[in-house]
Structure formats: C-alpha cells, structure tokens
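Next up, query_19.txt (compact mmCIF, C-alpha atoms and all ligand atoms):
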```txt
# COMPACT_ATOMS: atom_id res chain seq x y z
CA MET A 1 -1.40 -21.41 10.20
CA GLU A 2 -1.88 -17.81 9.21
CA LYS A 3 -5.16 -16.09 9.98
CA HIS A 4 -7.33 -15.48 6.95
CA TYR A 5 -8.51 -11.93 6.39
CA SER A 6 -11.29 -10.63 4.12
CA ALA A 7 -8.79 -8.40 2.31
CA TYR A 8 -5.27 -7.03 2.62
CA PHE A 9 -4.41 -3.34 2.36
CA PHE A 10 -0.72 -2.60 1.81
CA ASP A 11 1.19 0.64 2.06
CA LEU A 12 3.73 0.98 -0.79
CA GLY A 13 7.00 2.76 0.17
CA GLY A 14 8.79 1.08 3.07
CA THR A 15 6.25 -1.75 3.07
CA LEU A 16 6.40 -3.31 -0.43
CA LEU A 17 9.17 -1.18 -1.95
CA ALA A 18 12.52 0.09 -0.73
CA LEU A 19 12.76 3.75 0.23
CA GLU A 20 15.52 6.28 -0.22
CA HIS A 21 15.26 9.67 1.51
CA ASP A 22 11.63 8.86 2.31
CA GLU A 23 10.76 8.35 -1.39
CA ILE A 24 10.51 5.17 -3.42
CA ALA A 25 13.99 4.13 -4.51
CA ARG A 26 14.45 3.79 -8.27
CA SER A 27 17.31 2.72 -10.48
CA GLU A 28 18.40 4.90 -13.40
CA THR A 29 15.95 3.00 -15.57
CA GLY A 30 13.10 3.73 -13.15
CA LYS A 31 13.02 0.17 -11.82
CA VAL A 32 11.87 -0.24 -8.22
CA THR A 33 13.08 -2.81 -5.66
CA LEU A 34 10.73 -5.13 -3.80
CA LEU A 35 11.66 -5.57 -0.13
CA PRO A 36 12.69 -9.07 1.06
CA GLY A 37 9.80 -11.48 1.57
CA VAL A 38 7.29 -9.35 -0.34
CA ARG A 39 7.13 -11.38 -3.52
CA ASP A 40 6.59 -14.79 -1.93
CA HIS A 41 4.12 -13.47 0.59
CA LEU A 42 1.98 -11.61 -1.95
CA LEU A 43 1.98 -14.62 -4.28
CA SER A 44 0.55 -16.67 -1.41
CA LEU A 45 -2.44 -14.30 -1.09
CA VAL A 46 -3.91 -15.10 -4.51
CA GLY A 47 -7.69 -15.48 -4.24
CA THR A 48 -8.02 -12.79 -1.56
CA PRO A 49 -8.51 -9.11 -2.44
CA VAL A 50 -5.16 -7.31 -2.25
CA PHE A 51 -5.07 -3.50 -2.32
CA VAL A 52 -2.29 -0.91 -2.32
CA ILE A 53 -2.77 2.60 -0.92
CA THR A 54 -0.07 5.22 -1.14
CA ASN A 55 0.52 8.94 -0.67
CA GLN A 56 2.47 10.35 -3.63
CA ALA A 57 2.36 14.08 -3.02
CA GLY A 58 5.36 14.38 -5.35
CA VAL A 59 2.80 14.59 -8.16
CA ALA A 60 1.21 17.75 -6.75
CA LEU A 61 4.64 19.08 -5.80
CA GLY A 62 5.79 18.66 -9.40
CA HIS A 63 8.71 16.25 -9.02
CA LEU A 64 6.86 13.04 -9.90
CA SER A 65 4.58 12.34 -12.85
CA GLU A 66 1.27 10.55 -12.45
CA ALA A 67 2.49 7.92 -14.94
CA THR A 68 5.58 7.26 -12.82
CA ALA A 69 3.49 6.99 -9.65
CA ARG A 70 1.23 4.45 -11.38
CA SER A 71 4.27 2.58 -12.71
CA PHE A 72 5.33 1.85 -9.11
CA ILE A 73 2.17 -0.22 -8.64
CA ASP A 74 2.38 -1.77 -12.12
CA GLN A 75 5.93 -2.94 -11.42
CA VAL A 76 4.94 -4.52 -8.12
CA ASN A 77 1.96 -6.17 -9.75
CA ALA A 78 4.07 -7.60 -12.57
CA ALA A 79 6.53 -9.02 -10.02
CA VAL A 80 3.82 -10.71 -7.94
CA GLY A 81 1.76 -12.39 -10.65
CA GLN A 82 -0.86 -9.61 -10.94
CA VAL A 83 -2.17 -10.43 -7.46
CA ILE A 84 -3.05 -6.76 -6.76
CA THR A 85 -6.81 -6.35 -7.11
CA ASP A 86 -6.95 -2.55 -7.11
CA TYR A 87 -5.12 0.48 -5.72
CA ARG A 88 -5.49 4.14 -4.87
CA ILE A 89 -2.86 6.88 -5.01
CA CYS A 90 -3.30 10.23 -3.26
CA MET A 91 -1.48 12.67 -5.53
CA HIS A 92 -2.61 15.76 -3.67
CA HIS A 93 -0.49 18.39 -1.97
CA PRO A 94 0.14 17.65 1.74
CA LEU A 95 -1.62 20.90 2.65
CA ALA A 96 -4.60 20.40 0.30
CA GLY A 97 -6.73 18.94 3.09
CA CYS A 98 -8.03 16.14 0.85
CA PRO A 99 -9.91 13.23 2.43
CA CYS A 100 -7.58 10.64 0.87
CA ARG A 101 -4.08 11.54 2.08
CA LYS A 102 -3.12 9.12 4.85
CA PRO A 103 -3.73 9.17 7.79
CA GLN A 104 -7.13 10.18 6.39
CA PRO A 105 -9.08 6.98 5.62
CA GLY A 106 -10.50 8.02 2.20
CA MET A 107 -8.55 5.60 0.01
CA VAL A 108 -9.35 2.59 2.22
CA LEU A 109 -13.04 3.52 2.46
CA ASP A 110 -13.27 4.02 -1.31
CA LEU A 111 -11.73 0.60 -2.04
CA ALA A 112 -13.96 -1.06 0.58
CA ARG A 113 -17.06 0.47 -1.03
CA THR A 114 -15.97 -0.41 -4.56
CA HIS A 115 -15.18 -4.04 -3.72
CA ALA A 116 -17.72 -4.66 -0.91
CA ILE A 117 -15.06 -5.40 1.71
CA ASN A 118 -15.88 -5.96 5.38
CA LEU A 119 -13.15 -3.80 6.92
CA ALA A 120 -13.57 -5.25 10.41
CA GLU A 121 -12.29 -8.56 8.99
CA ALA A 122 -9.51 -7.00 6.90
CA ALA A 123 -5.81 -6.44 7.58
CA TYR A 124 -3.70 -3.35 6.87
CA ILE A 125 0.06 -3.77 6.57
CA GLY A 126 2.22 -0.66 6.88
CA ASP A 127 5.48 0.70 8.22
CA THR A 128 4.59 4.03 9.85
CA ALA A 129 2.35 5.45 12.57
CA ASN A 130 0.57 7.26 9.72
CA ASP A 131 -0.52 3.88 8.34
CA GLU A 132 -1.58 2.63 11.73
CA GLN A 133 -3.71 5.74 12.23
CA CYS A 134 -5.25 5.39 8.77
CA ALA A 135 -6.20 1.78 9.51
CA GLN A 136 -7.82 2.80 12.80
CA ARG A 137 -9.77 5.69 11.25
CA ALA A 138 -11.04 3.46 8.45
CA GLY A 139 -12.13 0.76 10.89
CA VAL A 140 -9.76 -1.93 9.60
CA GLY A 141 -9.83 -4.75 12.15
CA THR A 142 -6.14 -5.64 12.18
CA PHE A 143 -3.00 -3.56 11.70
CA LEU A 144 0.29 -5.41 11.14
CA TRP A 145 3.79 -3.95 10.96
CA ALA A 146 5.40 -4.72 7.61
CA PRO A 147 8.76 -6.05 8.91
CA ALA A 148 6.97 -8.56 11.10
CA PHE A 149 4.47 -9.51 8.41
CA PHE A 150 7.02 -10.10 5.64
CA ARG A 151 10.30 -10.88 7.27
CA GLU A 152 9.92 -12.37 10.71
CA ILE A 153 7.70 -15.31 9.88
ZN ZN B 1 -5.56 13.10 -1.56
```
As structure tokens, what does this structure read like?
Ligand SMILES: [Zn+2]
Amino acid sequence: MEKHYSAYFFDLGGTLLALEHDEIARSETGKVTLLPGVRDHLLSLVGTPVFVITNQAGVALGHLSEATARSFIDQVNAAVGQVITDYRICMHHPLAGCPCRKPQPGMVLDLARTHAINLAEAAYIGDTANDEQCAQRAGVGTFLWAPAFFREI
C-alpha cells in the first residue's frame, strides 16, 4: 500500500518526459514523450493535488518560446486525464538570480501558498540533485527519485 501524501510535486524533464541533450525531447511535430510508468501512475493520483515545477531557461536564452514551454505541461496533462492541478515554469536566465529557478524553492513555495499545501506531508519526485536540494530548501517532507517512483514498483 502506497503512502498517501498531501500533494505531489513533479519535475518535468527526466522525470515525466524524456530528455535529449538535457532538454525535453520533441518530435518534428513538437510532440513530447512520457517516460514509462508515468501515465498510469499519475492517473492513480486523481483526487490529490499534483503539481509540476520546471526550469526552462531556454525561454530567456531565446531558443524556446513561452508557448512551447507551456505546451510541454499541456501535453502531459492531456495524456494523464487532466490530473495536473497547477504548475510553475521558471523561464529566467540561469544567471538572473531569481528566487524560482531550482534549486531555489520559489516555485514550490508559491504553489504551496496558492493551494494551502502542508509541505511537510508532501512528496517531491525528481531526477537530479538539483531537485533534491529544491525539495529540502522548500521543506517538502519526502523526496523520491523518479526511476524508483515510476518504474521500480
Ligand atoms: Zn526564475
């Protein structure tokens, strides 16, 4: 029996979506690929707040449009029955010093405030040390590695 958390925070690239050269992999038509296990697992979380938080500095760097960055989340949401409650994207330059670029906790704290989430009871699922650090700084109670969460059940 899986533990029940107050909310789930998911990283995007490498956690929900396949990566290519450290960026979200897209087909020629702009379609993204969900990693194995993601769809079924997210569908099973219906009824619990599900959030996505992602750094997309490509917007500030000029090689990714804001609309394309948002379409990543829209595509995931469409594939998982609209189970995503809300999301935040940091589109700032890596050197901008913004409070939202992970490992800074700004996006998690903003979502927690907006949706009245008890972070000590929440889980954060990610694939990098950056995510783990973000979870710790935000005070998220549980950090889980994405491969274990989705694919080694
Ligand atoms: Zn930012």
Could you pull the residues within 9 Å of A:Gln133, counting all atoms listed in the file, minus those fewer than 4 positions along the same chain, as a short mmCIF file (atom, residue, chain, number, x, y, z; two decimals) with C-alpha atoms, in the coordinates of the input?
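Ended up saving to part30.cif:
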```
data_model
loop_
_atom_site.label_atom_id
_atom_site.label_comp_id
_atom_site.auth_asym_id
_atom_site.auth_seq_id
_atom_site.Cartn_x
_atom_site.Cartn_y
_atom_site.Cartn_z
CA LYS A 102 -3.12 9.12 4.85
CA PRO A 103 -3.73 9.17 7.79
CA GLN A 104 -7.13 10.18 6.39
CA PRO A 105 -9.08 6.98 5.62
CA THR A 128 4.59 4.03 9.85
CA ALA A 129 2.35 5.45 12.57
CA ARG A 137 -9.77 5.69 11.25
CA ALA A 138 -11.04 3.46 8.45
#
```
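Residue nearest A:Leu19, chosen from A:Ala135, A:Ala146, A:Val38, A:Val32 and counting all atoms listed in the file: A:Val32.
Distance annotation: of A:Gln56, A:Thr68, A:Asn118, A:Thr85, the residue with the minimal separation from ligand ZN 1 (chain B) is A:Gln56; atom set is all atoms listed in the file.
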Discussion item. Taking 2 positions as the minimum chain separation for residues in the same chain, which residues sit within 12 Å of A:Asn77 when counting all atoms listed in the file? Answer as a list of chain:residue names.
Written reply: A:Leu12, A:Leu16, A:Leu17, A:Val32, A:Leu34, A:Val38, A:Arg39, A:Leu42, A:Leu43, A:Val46, A:Val50, A:Phe51, A:Val52, A:Arg70, A:Ser71, A:Phe72, A:Ile73, A:Asp74, A:Gln75, A:Ala79, A:Val80, A:Gly81, A:Gln82, A:Val83, A:Ile84, A:Thr85, A:Asp86, A:Tyr87
Could those residues be written to a file, using C-alpha atoms, as a compact mmCIF listing (two decimals), keeping the file's coordinate frame?
```
# COMPACT_ATOMS: atom_id res chain seq x y z
CA LEU A 12 3.73 0.98 -0.79
CA LEU A 16 6.40 -3.31 -0.43
CA LEU A 17 9.17 -1.18 -1.95
CA VAL A 32 11.87 -0.24 -8.22
CA LEU A 34 10.73 -5.13 -3.80
CA VAL A 38 7.29 -9.35 -0.34
CA ARG A 39 7.13 -11.38 -3.52
CA LEU A 42 1.98 -11.61 -1.95
CA LEU A 43 1.98 -14.62 -4.28
CA VAL A 46 -3.91 -15.10 -4.51
CA VAL A 50 -5.16 -7.31 -2.25
CA PHE A 51 -5.07 -3.50 -2.32
CA VAL A 52 -2.29 -0.91 -2.32
CA ARG A 70 1.23 4.45 -11.38
CA SER A 71 4.27 2.58 -12.71
CA PHE A 72 5.33 1.85 -9.11
CA ILE A 73 2.17 -0.22 -8.64
CA ASP A 74 2.38 -1.77 -12.12
CA GLN A 75 5.93 -2.94 -11.42
CA ALA A 79 6.53 -9.02 -10.02
CA VAL A 80 3.82 -10.71 -7.94
CA GLY A 81 1.76 -12.39 -10.65
CA GLN A 82 -0.86 -9.61 -10.94
CA VAL A 83 -2.17 -10.43 -7.46
CA ILE A 84 -3.05 -6.76 -6.76
CA THR A 85 -6.81 -6.35 -7.11
CA ASP A 86 -6.95 -2.55 -7.11
CA TYR A 87 -5.12 0.48 -5.72
```
Worksheet item: Between A:Thr54, A:Ser6, A:Ser27, A:Ser65, which has the minimum distance to ligand ZN 1 (chain B) (counting only C-alpha atoms and all ligand atoms)?
Response: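 Closest residue, counting only C-alpha atoms and all ligand atoms: A:Thr54.
Here atom CA of A:Glu121 is placed at a distance of 12.1 Å from atom CA of A:Thr48.
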Practice prompt. Kindly provide, as number ranges by chain, all nucleotide and amino acid residues lying within 12 Å of ligand ZN 1 (chain B), counting only C-alpha atoms and all ligand atoms.
Written response: A: 53-60, 88-108, 110
Worksheet item: For A:Glu132, which residue among A:Phe10, A:Ser44, A:Thr114, A:Ala78 is the nearest when counting all atoms listed in the file?
Response: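 Ranking A:Phe10, A:Ser44, A:Thr114, A:Ala78 by distance to A:Glu132, first place goes to A:Phe10.
Nearest to A:Thr33 of all the residues A:Leu45, A:Cys134, A:Val76, A:Leu64 is A:Val76, counting only C-alpha atoms.
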Item to complete: Between A:Ala69, A:Ala7, A:Pro147, A:Leu61, single out the one closest to A:His115, counting all atoms listed in the file.
Response: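 Ranking A:Ala69, A:Ala7, A:Pro147, A:Leu61 by distance to A:His115, first place goes to A:Ala7.
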Given 3 Å on each side, where is the centre and what are the edge lengths in Å to one decimal of the axis-aligned box enclosing the listed atoms of stretch 106-121 of chain A, as lines of an AutoDock Vina configuration file?
```
center_x = -13.1
center_y = -0.3
center_z = 2.9
size_x = 15.2
size_y = 22.6
size_z = 21.0
```
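Take atom CA of A:Glu23 and atom CA of A:Asn130: the distance between them is 15.1 Å.
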